[in-house]
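Colleague: This is the content of upload_9.cif (mmCIF, C-alpha atoms):
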data_protein
loop_
_atom_site.label_atom_id
_atom_site.label_comp_id
_atom_site.auth_asym_id
_atom_site.auth_seq_id
_atom_site.Cartn_x
_atom_site.Cartn_y
_atom_site.Cartn_z
CA MET A 1 0.00 0.00 0.00
CA ALA A 2 2.80 2.38 0.85
CA GLU A 3 4.49 1.51 -2.42
CA GLU A 4 1.31 2.33 -4.39
CA LYS A 5 1.10 5.76 -2.74
CA GLU A 6 4.72 6.46 -3.61
CA GLU A 7 4.11 5.47 -7.25
CA GLN A 8 1.05 7.74 -7.43
CA ALA A 9 3.04 10.58 -5.88
CA VAL A 10 5.79 10.05 -8.43
CA GLU A 11 3.28 9.90 -11.34
CA GLN A 12 1.52 13.14 -10.38
CA PRO A 13 4.58 15.36 -10.92
CA LYS A 14 5.14 13.67 -14.26
CA GLN A 15 1.60 14.62 -15.33
CA LYS A 16 2.09 18.27 -14.28
CA SER A 17 5.39 18.55 -16.07
CA PRO A 18 3.96 18.15 -19.65
CA MET A 19 1.14 20.55 -18.79
CA LEU A 20 3.59 23.11 -17.43
CA MET A 21 5.79 22.65 -20.48
CA MET A 22 2.80 23.25 -22.78
CA ILE A 23 1.91 26.48 -20.97
CA VAL A 24 5.49 27.74 -21.26
CA VAL A 25 5.54 26.91 -24.99
CA VAL A 26 2.25 28.77 -25.56
CA ILE A 27 3.48 31.83 -23.65
CA VAL A 28 6.75 31.91 -25.60
CA ALA A 29 4.85 31.51 -28.90
CA VAL A 30 2.55 34.43 -28.01
CA LEU A 31 5.50 36.65 -27.08
CA VAL A 32 7.27 35.83 -30.35
CA ALA A 33 4.09 36.57 -32.33
CA VAL A 34 3.61 39.93 -30.57
CA ALA A 35 7.23 40.91 -31.18
CA ALA A 36 6.98 39.92 -34.86
CA ALA A 37 3.74 41.88 -35.31
CA GLY A 38 5.30 44.94 -33.68
CA GLY A 39 8.37 44.73 -35.88
CA ILE A 40 6.33 44.32 -39.05
CA SER A 41 4.01 47.22 -38.21
CA TYR A 42 6.98 49.47 -37.36
CA TYR A 43 8.60 48.62 -40.70
CA ILE A 44 5.38 49.26 -42.65
CA PHE A 45 4.64 52.58 -40.95
CA SER A 46 8.21 53.82 -41.28
CA GLN A 47 8.13 53.02 -45.01
CA ALA A 48 4.75 54.73 -45.45
CA GLU A 49 5.98 57.84 -43.61
CA SER A 50 9.13 58.13 -45.71
CA THR A 51 7.10 57.79 -48.94
CA SER A 52 4.62 60.46 -47.89
CA HIS A 53 7.44 62.92 -47.15
CA SER A 54 9.11 62.30 -50.49
CA ASP A 55 5.79 63.05 -52.24
CA ASP A 56 5.84 66.60 -50.83
CA GLY A 57 8.26 67.66 -53.55
CA GLY A 58 10.38 69.50 -51.02
CA GLY A 59 11.37 66.44 -49.07
CA SER A 60 10.85 65.93 -45.41
CA LYS A 61 10.23 69.01 -43.32
CA SER A 62 13.09 68.02 -41.06
CA ASN A 63 15.51 68.09 -44.00
CA HIS A 64 15.55 71.86 -44.39
CA ASP A 65 17.01 74.66 -42.33
CA PRO A 66 14.68 76.31 -39.83
CA GLY A 67 12.64 78.81 -41.79
CA VAL A 68 11.94 82.48 -41.28
CA PHE A 69 8.31 83.02 -40.27
CA TYR A 70 6.47 85.94 -41.84
CA LYS A 71 2.89 86.94 -41.01
CA LEU A 72 0.97 88.51 -43.86
CA GLY A 73 -0.76 91.84 -43.33
CA ASP A 74 -1.34 93.46 -39.97
CA PRO A 75 0.44 91.64 -37.13
CA LYS A 76 -2.75 91.45 -35.05
CA GLU A 77 -5.50 91.43 -37.66
CA GLY A 78 -3.93 89.54 -40.56
CA ILE A 79 -5.35 90.30 -44.00
CA LEU A 80 -8.81 91.30 -45.18
CA VAL A 81 -9.73 90.55 -48.77
CA ASN A 82 -12.86 90.43 -50.94
CA VAL A 83 -13.20 86.85 -52.21
CA GLY A 84 -15.37 85.10 -54.76
CA GLY A 85 -15.42 87.99 -57.21
CA GLY A 86 -16.35 91.62 -56.67
CA ARG A 87 -20.09 91.00 -56.67
CA SER A 88 -20.14 88.14 -54.16
CA GLY A 89 -20.05 90.47 -51.16
CA LYS A 90 -17.93 87.95 -49.23
CA PHE A 91 -14.91 88.98 -47.21
CA LEU A 92 -12.14 86.84 -45.82
CA LYS A 93 -10.26 87.87 -42.71
CA ALA A 94 -7.35 85.50 -42.28
CA GLY A 95 -4.14 85.15 -40.39
CA ILE A 96 -1.60 83.57 -42.71
CA VAL A 97 1.98 82.80 -41.71
CA LEU A 98 4.61 81.73 -44.23
CA GLU A 99 7.71 79.74 -43.44
CA LEU A 100 10.34 81.07 -45.82
CA ASN A 101 13.66 79.58 -46.85
CA PRO A 102 16.41 81.62 -45.14
CA GLY A 103 18.89 80.52 -47.81
CA LYS A 104 17.12 82.52 -50.52
CA SER A 105 19.03 85.79 -50.25
CA ASP A 106 16.68 87.46 -52.76
CA ASN A 107 13.83 87.15 -50.27
CA VAL A 108 15.35 86.94 -46.79
CA VAL A 109 18.15 89.23 -45.60
CA ASP A 110 19.54 88.91 -42.06
CA GLY A 111 16.54 86.83 -40.96
CA LYS A 112 14.00 89.39 -42.21
CA VAL A 113 11.88 89.48 -45.33
CA GLY A 114 13.08 92.06 -47.84
CA SER A 115 10.72 94.81 -48.99
CA VAL A 116 10.64 93.55 -52.60
CA ALA A 117 9.83 90.02 -51.46
CA GLU A 118 7.21 91.35 -49.03
CA THR A 119 5.48 93.22 -51.85
CA LYS A 120 5.54 90.16 -54.11
CA ILE A 121 4.20 87.94 -51.32
CA LEU A 122 1.29 90.25 -50.49
CA ASP A 123 0.44 90.85 -54.15
CA THR A 124 0.51 87.16 -55.04
CA THR A 125 -1.52 86.18 -51.98
CA MET A 126 -4.18 88.84 -52.58
CA GLN A 127 -4.51 87.93 -56.27
CA PHE A 128 -4.70 84.24 -55.41
CA LEU A 129 -7.40 84.71 -52.76
CA ARG A 130 -9.47 87.08 -54.92
CA ALA A 131 -9.37 84.70 -57.87
CA ALA A 132 -10.29 81.59 -55.88
CA PRO A 133 -13.96 80.55 -56.12
CA LEU A 134 -15.99 80.50 -52.90
CA GLU A 135 -16.13 76.69 -52.93
CA GLU A 136 -12.34 76.59 -52.40
CA PHE A 137 -12.73 78.19 -48.96
CA ASP A 138 -14.57 75.17 -47.54
CA ALA A 139 -12.91 73.78 -44.40
CA SER A 140 -12.46 70.36 -46.00
CA LYS A 141 -10.41 71.94 -48.80
CA GLN A 142 -8.12 74.00 -46.57
CA ASP A 143 -5.06 71.78 -47.12
CA ALA A 144 -5.47 72.01 -50.90
CA LEU A 145 -5.86 75.80 -50.64
CA LYS A 146 -2.63 76.06 -48.61
CA LYS A 147 -0.74 73.92 -51.14
CA GLN A 148 -2.04 75.99 -54.07
CA LEU A 149 -1.02 79.22 -52.32
CA LYS A 150 2.42 77.78 -51.55
CA ASP A 151 2.84 76.76 -55.21
CA ALA A 152 1.76 80.22 -56.42
CA LEU A 153 4.21 81.93 -54.05
CA ASN A 154 7.07 79.60 -55.02
CA GLU A 155 6.35 80.31 -58.68
CA ARG A 156 6.57 84.05 -58.04
CA LEU A 157 9.52 84.07 -55.61
CA GLY A 158 11.47 81.11 -56.99
CA GLN A 159 11.12 77.40 -56.29
CA GLY A 160 11.94 76.44 -52.73
CA SER A 161 11.35 79.93 -51.35
CA VAL A 162 8.30 78.98 -49.28
CA TYR A 163 8.57 75.89 -47.09
CA ASP A 164 5.01 75.93 -45.76
CA VAL A 165 1.85 78.01 -45.33
CA TYR A 166 0.08 78.14 -41.97
CA ILE A 167 -3.43 79.50 -41.46
CA THR A 168 -3.75 80.83 -37.92
CA SER A 169 -7.22 82.37 -38.23
CA PHE A 170 -9.91 82.17 -40.88
CA LEU A 171 -13.19 84.07 -40.99
CA LEU A 172 -15.36 84.19 -44.11
CA GLN A 173 -18.41 86.48 -44.08
#
Output the structure of this file as C-alpha cells.

Modeller:
Amino acid sequence: MAEEKEEQAVEQPKQKSPMLMMIVVVIVAVLVAVAAAGGISYYIFSQAESTSHSDDGGGSKSNHDPGVFYKLGDPKEGILVNVGGGRSGKFLKAGIVLELNPGKSDNVVDGKVGSVAETKILDTTMQFLRAAPLEEFDASKQDALKKQLKDALNERLGQGSVYDVYITSFLLQ
C-alpha cells in the first residue's frame, strides 16, 4: 500500500510537467508573435511615412534649415480681402503665416523678409485669394488651398522659397 502511494506521488509530478511545459511553450509563442507583429508594423509605418514625405516635392520638413516666419498683413488682424469675385459680397479675414527659406538671399536678408519680397508675397496672396472661387474656402479643402497658395508663391519668388503656409485664423463672411 505504501508503495502504491509512492508510485502515485511520483506519477503526479510527471503529469504536471507536460502541462507546465505546454503552458510555457504557448506563452513563448505568443511573445514571439507579438514581437513579430510589432516589428512588421513598425517597418510598414516607417516606409509609409518616408514615402509620404518624399511626395511633398520639397522632401521631409526636417531636411531643411529652420525657416523664417512671416505673417501677412497686420500683425494682429492679418489680411482682409474680398473673395469670390467683386459681386459676391464675401470677405475673408485671415491670419496667414509663411515659413520662408532663409537661404534665398533674394527674399530673406539677415533673418527678415526684404521689402521687394514682401510686396511680391502680399500681391501674389491677394490675387490668389481674390481669384479663388468661394467653394475653395470650404474647411475640408483648406489643405489644398494652402498647397495651391504655396505653389503660387514659389512660382513668383522662386522654387523652394516657401517651405510651408500656416493659417492661424480664418473668418469668411

Colleague: Which residues are near segment 140-154 of chain A? Cut-off 10 Å, only C-alpha atoms, ignore same chain within fewer than 3 positions. Put them as an MDAnalysis selection string.

Modeller: chainID A and resid 56 96 98:100 120:125 127:129 132 135:137 157:167

Colleague: Do you know which residues lie at most 10 Å from (-15.8, 89.0, -52.6), with coordinates as in the file and only C-alpha atoms counted, and could you write them as a VMD selection string?

Modeller: chain A and resid 81 to 92 129 to 134 172 to 173

Colleague: In Å, rounded to a single decimal, give me how far atom CA of Glu118 of chain A is from atom CA of Gly78 of chain A.

Modeller: 14.1 Å

Colleague: Tell me which protein, DNA and RNA residues are within 10 Å of Gly103 of chain A, counting all atoms listed in the file, leaving out same-chain ones fewer than 3 positions away, and put them as a count of residues only.

Modeller: 13

Colleague: Using Å and a single decimal, report how far atom CA of Ala117 of chain A sits from atom CA of Leu72 of chain A.

Modeller: 11.8 Å

Colleague: Can you work out the spacing between atom CA of Val25 of chain A and atom CA of Gly38 of chain A in Å, to one decimal?

Modeller: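 One can read the atom CA of Val25 of chain A to atom CA of Gly38 of chain A distance as 20.0 Å.
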
Colleague: For each of A:Met126, A:Ala36, A:Met22, A:Ile44, take the minimum atom-to-atom distance to Leu80 of chain A, counting all atoms listed in the file, then give the residue where this is smallest.

Modeller: A:Met126

Colleague: Give me, as a short mmCIF file (atom, residue, chain, number, x, y, z; two decimals) with C-alpha atoms, in the frame of the given file, all polymer residues having an atom no more than 9 Å from Gly95 of chain A, counting all atoms listed in the file and skipping those fewer than 5 positions away in the same chain.

Modeller:
data_model
loop_
_atom_site.label_atom_id
_atom_site.label_comp_id
_atom_site.auth_asym_id
_atom_site.auth_seq_id
_atom_site.Cartn_x
_atom_site.Cartn_y
_atom_site.Cartn_z
CA LYS A 71 2.89 86.94 -41.01
CA LEU A 72 0.97 88.51 -43.86
CA GLY A 73 -0.76 91.84 -43.33
CA ASP A 74 -1.34 93.46 -39.97
CA PRO A 75 0.44 91.64 -37.13
CA LYS A 76 -2.75 91.45 -35.05
CA GLU A 77 -5.50 91.43 -37.66
CA GLY A 78 -3.93 89.54 -40.56
CA ILE A 79 -5.35 90.30 -44.00
CA TYR A 166 0.08 78.14 -41.97
CA ILE A 167 -3.43 79.50 -41.46
CA THR A 168 -3.75 80.83 -37.92
CA SER A 169 -7.22 82.37 -38.23
CA PHE A 170 -9.91 82.17 -40.88
#

Colleague: Let me have the centre and edge lengths in Å, one decimal, of the box along x, y and z around every listed atom of segment 138-149 of chain A with 6 Å of margin on each side, as lines of an AutoDock Vina configuration file.

Modeller:
center_x = -7.7
center_y = 74.8
center_z = -49.2
size_x = 25.8
size_y = 20.9
size_z = 21.7

Colleague: For segment 75-104 of chain A, supply N, CA and C atoms and format the output as a CSV table (one decimal), in the frame of the given file.

Modeller:
chain,number,residue,atom,x,y,z
A,75,PRO,N,0.0,92.7,-38.1
A,75,PRO,CA,0.4,91.6,-37.1
A,75,PRO,C,-0.7,91.1,-36.2
A,76,LYS,N,-1.7,91.9,-35.9
A,76,LYS,CA,-2.8,91.4,-35.0
A,76,LYS,C,-4.0,91.0,-35.9
A,77,GLU,N,-4.3,91.7,-36.9
A,77,GLU,CA,-5.5,91.4,-37.7
A,77,GLU,C,-5.3,90.5,-38.8
A,78,GLY,N,-4.1,90.4,-39.4
A,78,GLY,CA,-3.9,89.5,-40.6
A,78,GLY,C,-4.3,90.3,-41.8
A,79,ILE,N,-5.0,89.6,-42.8
A,79,ILE,CA,-5.4,90.3,-44.0
A,79,ILE,C,-6.9,90.2,-44.2
A,80,LEU,N,-7.4,91.2,-44.9
A,80,LEU,CA,-8.8,91.3,-45.2
A,80,LEU,C,-8.9,91.5,-46.7
A,81,VAL,N,-9.7,90.5,-47.3
A,81,VAL,CA,-9.7,90.6,-48.8
A,81,VAL,C,-11.1,90.2,-49.2
A,82,ASN,N,-11.6,90.8,-50.3
A,82,ASN,CA,-12.9,90.4,-50.9
A,82,ASN,C,-12.6,89.2,-51.8
A,83,VAL,N,-13.4,88.1,-51.5
A,83,VAL,CA,-13.2,86.8,-52.2
A,83,VAL,C,-14.4,86.5,-53.0
A,84,GLY,N,-14.3,85.6,-54.0
A,84,GLY,CA,-15.4,85.1,-54.8
A,84,GLY,C,-15.8,86.1,-55.8
A,85,GLY,N,-15.0,87.0,-56.2
A,85,GLY,CA,-15.4,88.0,-57.2
A,85,GLY,C,-16.0,89.2,-56.5
A,86,GLY,N,-15.9,90.3,-57.2
A,86,GLY,CA,-16.4,91.6,-56.7
A,86,GLY,C,-17.8,91.7,-56.3
A,87,ARG,N,-18.7,90.9,-56.9
A,87,ARG,CA,-20.1,91.0,-56.7
A,87,ARG,C,-20.6,90.0,-55.6
A,88,SER,N,-19.7,89.2,-55.1
A,88,SER,CA,-20.1,88.1,-54.2
A,88,SER,C,-20.5,88.7,-52.8
A,89,GLY,N,-19.8,89.8,-52.5
A,89,GLY,CA,-20.0,90.5,-51.2
A,89,GLY,C,-19.5,89.7,-50.0
A,90,LYS,N,-18.6,88.8,-50.3
A,90,LYS,CA,-17.9,88.0,-49.2
A,90,LYS,C,-16.5,88.5,-48.9
A,91,PHE,N,-16.2,88.5,-47.6
A,91,PHE,CA,-14.9,89.0,-47.2
A,91,PHE,C,-14.2,87.9,-46.4
A,92,LEU,N,-12.9,87.8,-46.6
A,92,LEU,CA,-12.1,86.8,-45.8
A,92,LEU,C,-11.2,87.6,-44.9
A,93,LYS,N,-11.2,87.3,-43.7
A,93,LYS,CA,-10.3,87.9,-42.7
A,93,LYS,C,-9.4,86.7,-42.2
A,94,ALA,N,-8.2,86.7,-42.6
A,94,ALA,CA,-7.4,85.5,-42.3
A,94,ALA,C,-6.0,85.9,-41.7
A,95,GLY,N,-5.5,85.1,-40.9
A,95,GLY,CA,-4.1,85.2,-40.4
A,95,GLY,C,-3.3,84.1,-41.1
A,96,ILE,N,-2.4,84.5,-41.9
A,96,ILE,CA,-1.6,83.6,-42.7
A,96,ILE,C,-0.1,83.8,-42.4
A,97,VAL,N,0.6,82.7,-42.0
A,97,VAL,CA,2.0,82.8,-41.7
A,97,VAL,C,2.7,81.9,-42.7
A,98,LEU,N,3.8,82.5,-43.3
A,98,LEU,CA,4.6,81.7,-44.2
A,98,LEU,C,5.9,81.3,-43.6
A,99,GLU,N,6.4,80.2,-43.9
A,99,GLU,CA,7.7,79.7,-43.4
A,99,GLU,C,8.6,79.8,-44.7
A,100,LEU,N,9.5,80.8,-44.7
A,100,LEU,CA,10.3,81.1,-45.8
A,100,LEU,C,11.7,80.5,-45.7
A,101,ASN,N,12.3,80.1,-46.8
A,101,ASN,CA,13.7,79.6,-46.8
A,101,ASN,C,14.7,80.7,-46.6
A,102,PRO,N,15.4,80.6,-45.5
A,102,PRO,CA,16.4,81.6,-45.1
A,102,PRO,C,17.6,81.6,-46.1
A,103,GLY,N,17.8,80.6,-46.9
A,103,GLY,CA,18.9,80.5,-47.8
A,103,GLY,C,18.7,81.3,-49.1
A,104,LYS,N,17.4,81.7,-49.3
A,104,LYS,CA,17.1,82.5,-50.5
A,104,LYS,C,17.4,84.0,-50.2
